[in-house]
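Source file: coords32.cif (mmCIF, C-alpha atoms and all ligand atoms)
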data_input
#
loop_
_atom_site.group_PDB
_atom_site.id
_atom_site.type_symbol
_atom_site.label_atom_id
_atom_site.label_comp_id
_atom_site.auth_asym_id
_atom_site.auth_seq_id
_atom_site.Cartn_x
_atom_site.Cartn_y
_atom_site.Cartn_z
ATOM 1 C CA MET A 9 0.000 0.000 0.000
ATOM 2 C CA TYR A 10 1.265 3.469 -0.878
ATOM 3 C CA LYS A 11 0.342 6.481 1.223
ATOM 4 C CA ILE A 12 -1.016 9.738 -0.207
ATOM 5 C CA VAL A 13 0.945 12.402 1.703
ATOM 6 C CA ASP A 14 -0.368 15.457 -0.146
ATOM 7 C CA LYS A 15 -3.235 16.291 -2.468
ATOM 8 C CA LYS A 16 -4.404 19.480 -4.167
ATOM 9 C CA VAL A 17 -7.367 20.058 -6.410
ATOM 10 C CA LEU A 18 -5.893 22.137 -9.256
ATOM 11 C CA ASN A 19 -9.217 22.725 -11.011
ATOM 12 C CA ASP A 20 -12.560 20.955 -11.616
ATOM 13 C CA ASP A 21 -10.877 18.206 -13.679
ATOM 14 C CA ILE A 22 -7.292 17.951 -12.445
ATOM 15 C CA ASP A 23 -5.718 16.909 -9.105
ATOM 16 C CA PHE A 24 -2.156 16.815 -7.804
ATOM 17 C CA MET A 25 -1.050 13.981 -5.495
ATOM 18 C CA ARG A 26 2.220 13.217 -3.705
ATOM 19 C CA ILE A 27 2.681 9.507 -3.008
ATOM 20 C CA GLU A 28 5.157 7.951 -0.592
ATOM 21 C CA ALA A 29 7.049 5.429 -2.759
ATOM 22 C CA PRO A 30 10.794 5.565 -1.951
ATOM 23 C CA LEU A 31 11.924 2.792 -4.313
ATOM 24 C CA VAL A 32 10.193 4.407 -7.279
ATOM 25 C CA ALA A 33 11.258 7.914 -6.222
ATOM 26 C CA ARG A 34 14.956 7.082 -5.897
ATOM 27 C CA ASN A 35 15.116 5.728 -9.459
ATOM 28 C CA ALA A 36 12.819 8.192 -11.261
ATOM 29 C CA LYS A 37 14.132 10.346 -14.103
ATOM 30 C CA PRO A 38 12.351 12.871 -16.392
ATOM 31 C CA GLY A 39 10.109 11.021 -18.851
ATOM 32 C CA HIS A 40 9.515 7.957 -16.663
ATOM 33 C CA PHE A 41 5.965 6.953 -15.785
ATOM 34 C CA ILE A 42 4.254 4.841 -13.146
ATOM 35 C CA ILE A 43 1.195 2.566 -13.173
ATOM 36 C CA LEU A 44 -1.069 2.660 -10.157
ATOM 37 C CA ARG A 45 -4.174 0.818 -9.040
ATOM 38 C CA VAL A 46 -6.549 2.510 -6.640
ATOM 39 C CA ASP A 47 -7.594 -0.811 -5.082
ATOM 40 C CA ASP A 48 -6.905 -4.535 -5.603
ATOM 41 C CA GLU A 49 -9.524 -4.822 -8.331
ATOM 42 C CA GLY A 50 -8.821 -1.464 -9.935
ATOM 43 C CA GLU A 51 -7.872 -0.633 -13.495
ATOM 44 C CA ARG A 52 -4.201 0.086 -14.103
ATOM 45 C CA ILE A 53 -3.670 3.841 -14.563
ATOM 46 C CA PRO A 54 -0.455 4.985 -16.304
ATOM 47 C CA LEU A 55 0.751 8.479 -15.325
ATOM 48 C CA THR A 56 3.957 10.309 -16.172
ATOM 49 C CA ILE A 57 5.958 11.377 -13.112
ATOM 50 C CA ALA A 58 5.653 15.152 -12.613
ATOM 51 C CA ASP A 59 8.363 15.441 -9.934
ATOM 52 C CA ASN A 60 10.086 13.418 -7.229
ATOM 53 C CA ASP A 61 12.399 13.638 -4.267
ATOM 54 C CA GLU A 62 14.177 10.755 -2.514
ATOM 55 C CA LYS A 63 10.979 9.458 -0.959
ATOM 56 C CA HIS A 64 7.966 10.792 -2.857
ATOM 57 C CA VAL A 65 6.565 10.852 -6.379
ATOM 58 C CA ASP A 66 4.242 13.610 -7.640
ATOM 59 C CA ILE A 67 1.472 12.767 -10.080
ATOM 60 C CA ILE A 68 -1.094 14.978 -11.769
ATOM 61 C CA TYR A 69 -4.158 13.370 -13.265
ATOM 62 C CA GLN A 70 -7.295 14.340 -15.110
ATOM 63 C CA LYS A 71 -10.504 12.885 -13.677
ATOM 64 C CA MET A 72 -11.902 11.921 -17.047
ATOM 65 C CA GLY A 73 -12.877 8.255 -16.530
ATOM 66 C CA TYR A 74 -14.102 5.794 -13.914
ATOM 67 C CA SER A 75 -10.706 4.957 -12.373
ATOM 68 C CA THR A 76 -9.322 8.497 -12.227
ATOM 69 C CA LYS A 77 -12.614 9.629 -10.614
ATOM 70 C CA MET A 78 -12.093 6.895 -7.968
ATOM 71 C CA LEU A 79 -8.535 8.131 -7.440
ATOM 72 C CA GLY A 80 -9.883 11.671 -7.052
ATOM 73 C CA GLU A 81 -12.024 10.491 -4.138
ATOM 74 C CA LYS A 82 -8.922 9.495 -2.142
ATOM 75 C CA GLN A 83 -7.663 11.995 0.437
ATOM 76 C CA ILE A 84 -4.405 12.750 2.276
ATOM 77 C CA GLY A 85 -3.609 9.792 4.576
ATOM 78 C CA ASP A 86 -5.433 7.286 2.338
ATOM 79 C CA HIS A 87 -3.525 4.666 0.350
ATOM 80 C CA VAL A 88 -3.467 3.312 -3.205
ATOM 81 C CA ALA A 89 -3.024 -0.455 -3.642
ATOM 82 C CA ASP A 90 -0.237 -0.494 -6.266
ATOM 83 C CA PHE A 91 2.287 2.037 -7.466
ATOM 84 C CA VAL A 92 4.726 0.460 -9.932
ATOM 85 C CA GLY A 93 7.663 2.193 -11.573
ATOM 86 C CA PRO A 94 9.654 3.919 -12.799
ATOM 87 C CA LEU A 95 8.531 2.555 -16.182
ATOM 88 C CA GLY A 96 9.511 3.457 -19.729
ATOM 89 C CA LYS A 97 12.681 5.045 -20.980
ATOM 90 C CA ALA A 98 13.906 8.270 -19.430
ATOM 91 C CA ALA A 99 13.614 11.246 -21.777
ATOM 92 C CA HIS A 100 16.631 11.926 -23.950
ATOM 93 C CA ILE A 101 17.967 15.302 -22.733
ATOM 94 C CA ARG A 102 19.791 16.493 -25.833
ATOM 95 C CA ASP A 103 22.667 18.945 -26.109
ATOM 96 C CA LYS A 104 20.651 21.982 -27.276
ATOM 97 C CA GLN A 105 21.131 25.748 -27.109
ATOM 98 C CA HIS A 106 17.499 26.898 -26.872
ATOM 99 C CA VAL A 107 14.556 24.563 -26.283
ATOM 100 C CA VAL A 108 10.880 25.459 -26.598
ATOM 101 C CA GLY A 109 8.583 23.306 -24.456
ATOM 102 C CA VAL A 110 4.965 23.268 -25.572
ATOM 103 C CA ALA A 111 2.344 21.941 -23.160
ATOM 104 C CA GLY A 112 -1.377 21.522 -23.765
ATOM 105 C CA GLY A 113 -3.666 21.204 -20.752
ATOM 106 C CA VAL A 114 -2.587 18.428 -18.388
ATOM 107 C CA GLY A 115 0.457 17.828 -20.634
ATOM 108 C CA ALA A 116 2.052 20.561 -18.479
ATOM 109 C CA ALA A 117 2.730 17.871 -15.844
ATOM 110 C CA PRO A 118 4.963 15.486 -17.859
ATOM 111 C CA LEU A 119 6.722 18.428 -19.537
ATOM 112 C CA LEU A 120 7.839 19.997 -16.227
ATOM 113 C CA PRO A 121 10.699 17.583 -15.311
ATOM 114 C CA GLN A 122 11.969 17.544 -18.888
ATOM 115 C CA LEU A 123 12.199 21.336 -19.167
ATOM 116 C CA LYS A 124 13.827 21.492 -15.729
ATOM 117 C CA ALA A 125 16.436 18.978 -16.930
ATOM 118 C CA TYR A 126 17.173 21.085 -20.036
ATOM 119 C CA LYS A 127 17.570 24.186 -17.891
ATOM 120 C CA LYS A 128 19.909 22.301 -15.564
ATOM 121 C CA ALA A 129 21.945 21.120 -18.563
ATOM 122 C CA GLY A 130 22.496 24.762 -19.599
ATOM 123 C CA SER A 131 19.904 25.248 -22.371
ATOM 124 C CA LYS A 132 17.818 28.397 -22.609
ATOM 125 C CA VAL A 133 14.180 27.353 -22.154
ATOM 126 C CA THR A 134 11.011 28.952 -23.457
ATOM 127 C CA LEU A 135 7.624 27.629 -22.385
ATOM 128 C CA ILE A 136 4.398 27.826 -24.355
ATOM 129 C CA LEU A 137 1.574 26.684 -22.088
ATOM 130 C CA GLY A 138 -1.945 26.468 -23.475
ATOM 131 C CA ALA A 139 -5.307 25.411 -22.091
ATOM 132 C CA ARG A 140 -9.046 25.761 -22.588
ATOM 133 C CA ASN A 141 -9.269 28.671 -20.150
ATOM 134 C CA LYS A 142 -7.406 30.337 -17.273
ATOM 135 C CA ASP A 143 -8.434 27.670 -14.702
ATOM 136 C CA PHE A 144 -6.852 24.906 -16.789
ATOM 137 C CA LEU A 145 -3.419 26.560 -17.020
ATOM 138 C CA ILE A 146 -1.700 24.441 -14.357
ATOM 139 C CA LEU A 147 1.792 24.642 -12.750
ATOM 140 C CA ARG A 148 2.339 28.291 -13.688
ATOM 141 C CA ASP A 149 4.254 29.096 -10.455
ATOM 142 C CA GLU A 150 6.445 26.001 -10.804
ATOM 143 C CA TYR A 151 7.437 26.887 -14.375
ATOM 144 C CA GLU A 152 7.927 30.610 -13.724
ATOM 145 C CA GLN A 153 10.616 29.773 -11.147
ATOM 146 C CA PHE A 154 13.072 28.592 -13.818
ATOM 147 C CA VAL A 155 12.021 29.227 -17.442
ATOM 148 C CA ASP A 156 13.650 32.098 -19.373
ATOM 149 C CA GLU A 157 10.462 33.063 -21.180
ATOM 150 C CA VAL A 158 6.822 32.026 -20.964
ATOM 151 C CA ILE A 159 3.899 32.485 -23.331
ATOM 152 C CA TYR A 160 0.389 31.529 -22.202
ATOM 153 C CA THR A 161 -2.513 30.803 -24.516
ATOM 154 C CA THR A 162 -6.140 30.064 -23.797
ATOM 155 C CA ASP A 163 -8.779 28.920 -26.267
ATOM 156 C CA ASP A 164 -11.230 31.531 -24.941
ATOM 157 C CA GLY A 165 -8.744 34.366 -24.350
ATOM 158 C CA SER A 166 -9.353 34.406 -20.560
ATOM 159 C CA PHE A 167 -5.551 34.576 -19.947
ATOM 160 C CA GLY A 168 -2.563 35.224 -22.212
ATOM 161 C CA GLU A 169 -2.999 35.075 -25.972
ATOM 162 C CA LYS A 170 -6.321 33.904 -27.383
ATOM 163 C CA GLY A 171 -5.771 30.856 -29.594
ATOM 164 C CA LEU A 172 -3.895 27.559 -29.786
ATOM 165 C CA VAL A 173 -0.306 26.826 -28.719
ATOM 166 C CA THR A 174 0.696 26.407 -32.358
ATOM 167 C CA ASP A 175 0.173 30.162 -32.982
ATOM 168 C CA PRO A 176 3.076 31.373 -30.755
ATOM 169 C CA LEU A 177 5.128 28.287 -31.711
ATOM 170 C CA GLU A 178 4.926 29.270 -35.383
ATOM 171 C CA ARG A 179 5.907 32.853 -34.521
ATOM 172 C CA LYS A 180 8.828 31.876 -32.271
ATOM 173 C CA LEU A 181 10.282 29.396 -34.758
ATOM 174 C CA LYS A 182 10.044 31.998 -37.525
ATOM 175 C CA ASP A 183 11.552 34.860 -35.500
ATOM 176 C CA ASP A 184 14.156 33.225 -33.253
ATOM 177 C CA GLU A 185 16.967 31.388 -34.974
ATOM 178 C CA THR A 186 18.575 30.394 -31.666
ATOM 179 C CA ILE A 187 15.800 27.814 -31.077
ATOM 180 C CA ASP A 188 17.157 24.401 -32.032
ATOM 181 C CA HIS A 189 14.682 21.986 -30.412
ATOM 182 C CA VAL A 190 11.008 21.639 -29.463
ATOM 183 C CA ILE A 191 9.271 19.288 -26.997
ATOM 184 C CA ALA A 192 5.487 19.030 -27.208
ATOM 185 C CA ILE A 193 3.261 17.193 -24.721
ATOM 186 C CA GLY A 194 -0.527 17.287 -24.667
ATOM 187 C CA PRO A 195 -3.442 16.037 -26.774
ATOM 188 C CA VAL A 196 -2.321 13.927 -29.752
ATOM 189 C CA ILE A 197 -3.835 16.413 -32.186
ATOM 190 C CA MET A 198 -1.770 19.185 -30.595
ATOM 191 C CA MET A 199 1.444 17.142 -30.835
ATOM 192 C CA LYS A 200 0.658 16.376 -34.475
ATOM 193 C CA PHE A 201 0.325 20.058 -35.381
ATOM 194 C CA CYS A 202 3.325 21.104 -33.253
ATOM 195 C CA THR A 203 5.344 18.497 -35.173
ATOM 196 C CA GLN A 204 4.151 19.870 -38.518
ATOM 197 C CA THR A 205 5.149 23.371 -37.397
ATOM 198 C CA ALA A 206 8.587 22.283 -36.155
ATOM 199 C CA VAL A 207 9.277 20.283 -39.332
ATOM 200 C CA LYS A 208 8.168 23.208 -41.502
ATOM 201 C CA HIS A 209 10.754 25.397 -39.760
ATOM 202 C CA GLY A 210 13.484 22.751 -39.821
ATOM 203 C CA ARG A 211 13.618 22.080 -36.056
ATOM 204 C CA SER A 212 13.812 18.730 -34.251
ATOM 205 C CA ILE A 213 10.900 17.818 -31.978
ATOM 206 C CA ASP A 214 10.249 15.216 -29.277
ATOM 207 C CA VAL A 215 6.721 14.228 -28.238
ATOM 208 C CA SER A 216 5.408 12.057 -25.400
ATOM 209 C CA LEU A 217 2.835 9.477 -26.480
ATOM 210 C CA ASN A 218 -0.010 8.256 -24.309
ATOM 211 C CA PRO A 219 -1.633 5.256 -26.022
ATOM 212 C CA ILE A 220 -3.844 2.849 -24.070
ATOM 213 C CA MET A 221 -1.601 0.848 -21.728
ATOM 214 C CA ILE A 222 -2.360 -2.285 -19.715
ATOM 215 C CA ASP A 223 0.712 -4.025 -18.281
ATOM 216 C CA GLY A 224 3.296 -1.296 -19.002
ATOM 217 C CA THR A 225 6.030 -3.898 -19.471
ATOM 218 C CA GLY A 226 5.858 -4.792 -23.170
ATOM 219 C CA MET A 227 3.709 -7.933 -22.753
ATOM 220 C CA CYS A 228 0.155 -7.039 -23.873
ATOM 221 C CA GLY A 229 0.830 -5.038 -27.049
ATOM 222 C CA ASN A 230 -1.908 -2.491 -26.366
ATOM 223 C CA CYS A 231 0.405 0.494 -26.430
ATOM 224 C CA ARG A 232 1.825 -0.221 -29.883
ATOM 225 C CA VAL A 233 2.603 2.831 -31.954
ATOM 226 C CA ASN A 234 3.856 3.217 -35.486
ATOM 227 C CA ILE A 235 7.198 5.008 -35.583
ATOM 228 C CA ALA A 236 8.850 5.493 -38.970
ATOM 229 C CA GLY A 237 6.812 2.587 -40.347
ATOM 230 C CA LYS A 238 7.812 0.156 -37.593
ATOM 231 C CA THR A 239 5.853 -1.015 -34.555
ATOM 232 C CA PHE A 240 7.137 0.064 -31.146
ATOM 233 C CA PHE A 241 5.683 -0.300 -27.669
ATOM 234 C CA ALA A 242 5.329 3.096 -25.993
ATOM 235 C CA CYS A 243 5.686 1.541 -22.531
ATOM 236 C CA ILE A 244 9.164 0.127 -23.076
ATOM 237 C CA ASP A 245 10.466 1.962 -26.170
ATOM 238 C CA GLY A 246 8.977 5.357 -25.156
ATOM 239 C CA PRO A 247 6.871 7.156 -24.170
ATOM 240 C CA ASP A 248 9.060 9.817 -25.861
ATOM 241 C CA PHE A 249 9.676 9.652 -29.608
ATOM 242 C CA GLU A 250 10.884 11.990 -32.321
ATOM 243 C CA GLY A 251 7.744 13.731 -33.589
ATOM 244 C CA HIS A 252 8.460 13.571 -37.320
ATOM 245 C CA GLU A 253 8.493 9.746 -37.176
ATOM 246 C CA VAL A 254 5.155 9.281 -35.353
ATOM 247 C CA ASP A 255 1.941 8.108 -37.043
ATOM 248 C CA PHE A 256 -0.362 10.441 -35.088
ATOM 249 C CA ASP A 257 -3.510 9.533 -37.052
ATOM 250 C CA GLY A 258 -3.078 5.821 -36.251
ATOM 251 C CA LEU A 259 -2.574 6.671 -32.576
ATOM 252 C CA MET A 260 -5.753 8.775 -32.471
ATOM 253 C CA LYS A 261 -7.732 5.909 -33.963
ATOM 254 C CA ARG A 262 -6.398 3.390 -31.420
ATOM 255 C CA GLN A 263 -7.056 5.758 -28.500
ATOM 256 C CA SER A 264 -10.788 5.771 -29.189
ATOM 257 C CA TYR A 265 -11.166 1.934 -29.190
ATOM 258 C CA TYR A 266 -12.688 1.727 -25.692
ATOM 259 C CA LYS A 267 -14.573 5.046 -25.717
ATOM 260 C CA ASP A 268 -18.026 3.437 -25.372
ATOM 261 C CA GLU A 269 -16.943 1.139 -22.502
ATOM 262 C CA GLU A 270 -15.232 4.046 -20.715
ATOM 263 C CA HIS A 271 -18.377 6.146 -21.062
ATOM 264 C CA GLN A 272 -20.571 3.343 -19.644
ATOM 265 C CA CYS A 273 -18.274 2.961 -16.601
ATOM 266 C CA TYR A 274 -18.291 6.715 -16.075
ATOM 267 C CA ILE A 275 -22.116 6.847 -16.164
ATOM 268 C CA ARG A 276 -22.281 3.931 -13.653
ATOM 269 C CA LEU A 277 -19.958 5.788 -11.272
ATOM 270 C CA LYS A 278 -21.960 9.000 -11.618
ATOM 271 C CA ASP A 279 -25.208 7.116 -10.886
ATOM 272 C CA GLY A 280 -23.568 5.356 -7.902
ATOM 273 C CA ARG A 281 -24.072 1.876 -9.430
HETATM 274 P P1 LIG B 1 -7.225 20.294 -24.315
HETATM 275 O O1 LIG B 1 -7.998 19.472 -25.271
HETATM 276 O O2 LIG B 1 -7.937 21.263 -23.441
HETATM 277 O O3 LIG B 1 -6.090 21.058 -25.155
HETATM 278 C C1 LIG B 1 -5.058 21.764 -24.496
HETATM 279 C C2 LIG B 1 -4.429 22.701 -25.481
HETATM 280 O O4 LIG B 1 -3.849 21.986 -26.559
HETATM 281 C C3 LIG B 1 -5.387 23.690 -26.128
HETATM 282 O O5 LIG B 1 -5.663 24.765 -25.284
HETATM 283 C C4 LIG B 1 -4.612 24.094 -27.375
HETATM 284 O O6 LIG B 1 -3.708 25.154 -27.140
HETATM 285 C C5 LIG B 1 -3.850 22.826 -27.709
HETATM 286 N N1 LIG B 1 -4.543 22.162 -28.815
HETATM 287 C C6 LIG B 1 -5.672 21.406 -28.766
HETATM 288 N N2 LIG B 1 -6.035 21.031 -30.016
HETATM 289 C C7 LIG B 1 -5.128 21.579 -30.855
HETATM 290 C C8 LIG B 1 -4.969 21.585 -32.272
HETATM 291 N N3 LIG B 1 -5.822 20.958 -33.073
HETATM 292 N N4 LIG B 1 -3.922 22.273 -32.791
HETATM 293 C C9 LIG B 1 -3.058 22.932 -32.000
HETATM 294 N N5 LIG B 1 -3.157 22.965 -30.663
HETATM 295 C C10 LIG B 1 -4.178 22.311 -30.101
HETATM 296 O O7 LIG B 1 -6.327 19.389 -23.411
HETATM 297 P P2 LIG B 1 -6.763 18.579 -22.127
HETATM 298 O O8 LIG B 1 -8.243 18.436 -22.023
HETATM 299 O O9 LIG B 1 -6.008 19.065 -20.953
HETATM 300 O O10 LIG B 1 -6.243 17.159 -22.506
HETATM 301 C C11 LIG B 1 -4.947 16.878 -22.398
HETATM 302 C C12 LIG B 1 -4.663 15.701 -23.264
HETATM 303 O O11 LIG B 1 -3.302 15.449 -23.117
HETATM 304 C C13 LIG B 1 -5.425 14.437 -22.915
HETATM 305 O O12 LIG B 1 -5.915 13.912 -24.134
HETATM 306 C C14 LIG B 1 -4.388 13.539 -22.345
HETATM 307 O O13 LIG B 1 -4.609 12.200 -22.679
HETATM 308 C C15 LIG B 1 -3.144 14.081 -23.001
HETATM 309 N N6 LIG B 1 -1.963 13.851 -22.208
HETATM 310 C C16 LIG B 1 -0.874 13.447 -22.839
HETATM 311 C C17 LIG B 1 0.237 13.152 -22.112
HETATM 312 C C18 LIG B 1 1.391 12.641 -22.831
HETATM 313 O O14 LIG B 1 2.286 12.121 -22.220
HETATM 314 N N7 LIG B 1 1.390 12.789 -24.125
HETATM 315 C C19 LIG B 1 0.275 13.306 -20.754
HETATM 316 C C20 LIG B 1 -0.839 13.798 -20.132
HETATM 317 C C21 LIG B 1 -1.961 14.048 -20.876
HETATM 318 FE FE1 LIG B 2 1.286 -3.609 -22.727
HETATM 319 FE FE2 LIG B 2 2.895 -1.655 -23.502
HETATM 320 S S1 LIG B 2 1.226 -1.527 -22.132
HETATM 321 S S2 LIG B 2 2.862 -3.702 -24.174
#

Could you rewrite the structure in this file as structure tokens?
Amino acid sequence: MYKIVDKKVLNDDIDFMRIEAPLVARNAKPGHFIILRVDDEGERIPLTIADNDEKHVDIIYQKMGYSTKMLGEKQIGDHVADFVGPLGKAAHIRDKQHVVGVAGGVGAAPLLPQLKAYKKAGSKVTLILGARNKDFLILRDEYEQFVDEVIYTTDDGSFGEKGLVTDPLERKLKDDETIDHVIAIGPVIMMKFCTQTAVKHGRSIDVSLNPIMIDGTGMCGNCRVNIAGKTFFACIDGPDFEGHEVDFDGLMKRQSYYKDEEHQCYIRLKDGR
């Protein structure tokens, strides 16, 4: 059992939790993820590690389905049954002069440790953080402590620039020749268009893929993704890949496989069944 030592509700959909898990914490690097189960019969939930110290692991999750809603009902002092990790490959922190990190919505959580690592390695870092509205722009204080420049966007214009993250990305890549790398994490459609923008301007880009995962150890095949025409498993070969090699359309199709079942579970939870 793993103890929840801190919890914050970041907005209507998103919570932060700090879990006591020393073995996972001591080995965690940017890009790694964990799989947790709320109880012994629970679904396995994969989540990228947002931060860690020697003893604790921070996770940020969106309460969009049955299992994440159940997790959201847990409070400080409660426990989760399983907390396995670190899983996946650590992100490749490249030798770059100026990196632009682009985060969409809850993608701000997995991007945070990667941008911190680039800053620590000596790169200049610019953040473009976009969300539906002001309430969904998470981790602003955490980013503002270390990034060199930040641009916020909201779909409704309630904070920062009105529009999508690809608008300032296009502008920055056109105007600033010092930028030599982009990392984009968020909805698949966002990563697809960030990749198109980066490729158009001749920059390299890494993305973090979040296909459906079950075991997280390369056994079930659910997380397969098409990278440069070959099949890879995001859980053991990723989750980070070079954007220009990813088949984003195939990934979007696979992600919607269990939409109906997920919706049914969600309705049951809402109705208390
Ligand atoms: P969202 O749908 O509210 O979008 C967030 C932002 O992404 C938008 O404000 C916009 O700026 C940008 N965006 C959306 N569609 C775009 C498009 N067509 N072109 C350019 N930019 C676009 O995001 P959300 O509701 O917070 O959902 C976050 C998503 O991120 C979820 O689907 C979740 O599964 C995914 N996610 C991915 C990872 C990962 O590792 N890749 C980690 C966590 C979450
Ligand atoms: Fe099963 Fe990756 S989650 S192979």

Explicit residue set for the PyMOL selection byres (((chain A and resi 207) around 12) and not hetatm), as a list in words: Leu177, Glu178, Leu181, Lys182, Asp188, His189, Val190, Met199, Lys200, Phe201, Cys202, Thr203, Gln204, Thr205, Ala206, Lys208, His209, Gly210, Arg211, Ser212, Ile213, Asp214, Glu250, Gly251, His252 and Glu253 of chain A

Of the listed residues A:Tyr151, A:Phe91, A:Phe249, A:Phe167, that which approaches Asp48 in chain A most closely, counting all atoms listed in the file: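 For Asp48 in chain A, the nearest of the candidates is A:Phe91.
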
Spatial neighbours of Val114 in chain A, 10 Å, all atoms listed in the file, chain gap at least 6 places, as an mmCIF file with C-alpha atoms, in the coordinates of the input:
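Okay, result_7.cif is ready:
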data_model
loop_
_atom_site.group_PDB
_atom_site.id
_atom_site.type_symbol
_atom_site.label_atom_id
_atom_site.label_comp_id
_atom_site.auth_asym_id
_atom_site.auth_seq_id
_atom_site.Cartn_x
_atom_site.Cartn_y
_atom_site.Cartn_z
ATOM 1 C CA ASP A 21 -10.877 18.206 -13.679
ATOM 2 C CA ILE A 22 -7.292 17.951 -12.445
ATOM 3 C CA ASP A 23 -5.718 16.909 -9.105
ATOM 4 C CA ILE A 68 -1.094 14.978 -11.769
ATOM 5 C CA TYR A 69 -4.158 13.370 -13.265
ATOM 6 C CA GLN A 70 -7.295 14.340 -15.110
ATOM 7 C CA LEU A 137 1.574 26.684 -22.088
ATOM 8 C CA GLY A 138 -1.945 26.468 -23.475
ATOM 9 C CA ALA A 139 -5.307 25.411 -22.091
ATOM 10 C CA PHE A 144 -6.852 24.906 -16.789
ATOM 11 C CA LEU A 145 -3.419 26.560 -17.020
ATOM 12 C CA ILE A 146 -1.700 24.441 -14.357
ATOM 13 C CA LEU A 147 1.792 24.642 -12.750
ATOM 14 C CA ILE A 193 3.261 17.193 -24.721
ATOM 15 C CA GLY A 194 -0.527 17.287 -24.667
ATOM 16 C CA PRO A 195 -3.442 16.037 -26.774
#

Which residues of chain A come within 9 Å of ligand LIG 2 (chain B), and for each one, what is the closest pair of atoms and their distance in Å to one decimal, counting all atoms listed in the file, sorted by chain and residue number, as JSON lines?
{"residue": "A:Pro54", "atom": "CA", "partner": "B:LIG2", "partner_atom": "S1", "distance": 8.9}
{"residue": "A:Pro219", "atom": "CA", "partner": "B:LIG2", "partner_atom": "S1", "distance": 8.3}
{"residue": "A:Ile220", "atom": "CA", "partner": "B:LIG2", "partner_atom": "S1", "distance": 7.0}
{"residue": "A:Met221", "atom": "CA", "partner": "B:LIG2", "partner_atom": "S1", "distance": 3.7}
{"residue": "A:Ile222", "atom": "CA", "partner": "B:LIG2", "partner_atom": "S1", "distance": 4.4}
{"residue": "A:Asp223", "atom": "CA", "partner": "B:LIG2", "partner_atom": "FE1", "distance": 4.5}
{"residue": "A:Gly224", "atom": "CA", "partner": "B:LIG2", "partner_atom": "S1", "distance": 3.8}
{"residue": "A:Thr225", "atom": "CA", "partner": "B:LIG2", "partner_atom": "FE2", "distance": 5.6}
{"residue": "A:Gly226", "atom": "CA", "partner": "B:LIG2", "partner_atom": "S2", "distance": 3.3}
{"residue": "A:Met227", "atom": "CA", "partner": "B:LIG2", "partner_atom": "S2", "distance": 4.5}
{"residue": "A:Cys228", "atom": "CA", "partner": "B:LIG2", "partner_atom": "FE1", "distance": 3.8}
{"residue": "A:Gly229", "atom": "CA", "partner": "B:LIG2", "partner_atom": "S2", "distance": 3.8}
{"residue": "A:Asn230", "atom": "CA", "partner": "B:LIG2", "partner_atom": "FE1", "distance": 5.0}
{"residue": "A:Cys231", "atom": "CA", "partner": "B:LIG2", "partner_atom": "FE2", "distance": 4.4}
{"residue": "A:Arg232", "atom": "CA", "partner": "B:LIG2", "partner_atom": "FE2", "distance": 6.6}
{"residue": "A:Phe240", "atom": "CA", "partner": "B:LIG2", "partner_atom": "FE2", "distance": 8.9}
{"residue": "A:Phe241", "atom": "CA", "partner": "B:LIG2", "partner_atom": "FE2", "distance": 5.2}
{"residue": "A:Ala242", "atom": "CA", "partner": "B:LIG2", "partner_atom": "FE2", "distance": 5.9}
{"residue": "A:Cys243", "atom": "CA", "partner": "B:LIG2", "partner_atom": "FE2", "distance": 4.4}
{"residue": "A:Ile244", "atom": "CA", "partner": "B:LIG2", "partner_atom": "FE2", "distance": 6.5}
{"residue": "A:Asp245", "atom": "CA", "partner": "B:LIG2", "partner_atom": "FE2", "distance": 8.8}

Limited to C-alpha atoms, could you put the picked residues into a file as a PDB file, in the frame of the given file?
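Heads up, here's the output in result-v6.pdb:
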ATOM      1  CA  PRO A  54      -0.455   4.985 -16.304  1.00  0.00           C
ATOM      2  CA  PRO A 219      -1.633   5.256 -26.022  1.00  0.00           C
ATOM      3  CA  ILE A 220      -3.844   2.849 -24.070  1.00  0.00           C
ATOM      4  CA  MET A 221      -1.601   0.848 -21.728  1.00  0.00           C
ATOM      5  CA  ILE A 222      -2.360  -2.285 -19.715  1.00  0.00           C
ATOM      6  CA  ASP A 223       0.712  -4.025 -18.281  1.00  0.00           C
ATOM      7  CA  GLY A 224       3.296  -1.296 -19.002  1.00  0.00           C
ATOM      8  CA  THR A 225       6.030  -3.898 -19.471  1.00  0.00           C
ATOM      9  CA  GLY A 226       5.858  -4.792 -23.170  1.00  0.00           C
ATOM     10  CA  MET A 227       3.709  -7.933 -22.753  1.00  0.00           C
ATOM     11  CA  CYS A 228       0.155  -7.039 -23.873  1.00  0.00           C
ATOM     12  CA  GLY A 229       0.830  -5.038 -27.049  1.00  0.00           C
ATOM     13  CA  ASN A 230      -1.908  -2.491 -26.366  1.00  0.00           C
ATOM     14  CA  CYS A 231       0.405   0.494 -26.430  1.00  0.00           C
ATOM     15  CA  ARG A 232       1.825  -0.221 -29.883  1.00  0.00           C
ATOM     16  CA  PHE A 240       7.137   0.064 -31.146  1.00  0.00           C
ATOM     17  CA  PHE A 241       5.683  -0.300 -27.669  1.00  0.00           C
ATOM     18  CA  ALA A 242       5.329   3.096 -25.993  1.00  0.00           C
ATOM     19  CA  CYS A 243       5.686   1.541 -22.531  1.00  0.00           C
ATOM     20  CA  ILE A 244       9.164   0.127 -23.076  1.00  0.00           C
ATOM     21  CA  ASP A 245      10.466   1.962 -26.170  1.00  0.00           C
TER      22      ASP A 245
END

Residues returned when the PyMOL selection byres (((chain A and resi 155) around 9) and not hetatm) runs on this file, as number ranges by chain: A: 123-124, 127, 132-135, 151-154, 156-158

A:Met260, A:Val65, A:Leu79, A:Met25 ranked by distance to Glu51 in chain A, top pick (using only C-alpha atoms):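 Comparing A:Met260, A:Val65, A:Leu79, A:Met25 against Glu51 in chain A, the winner is A:Leu79.
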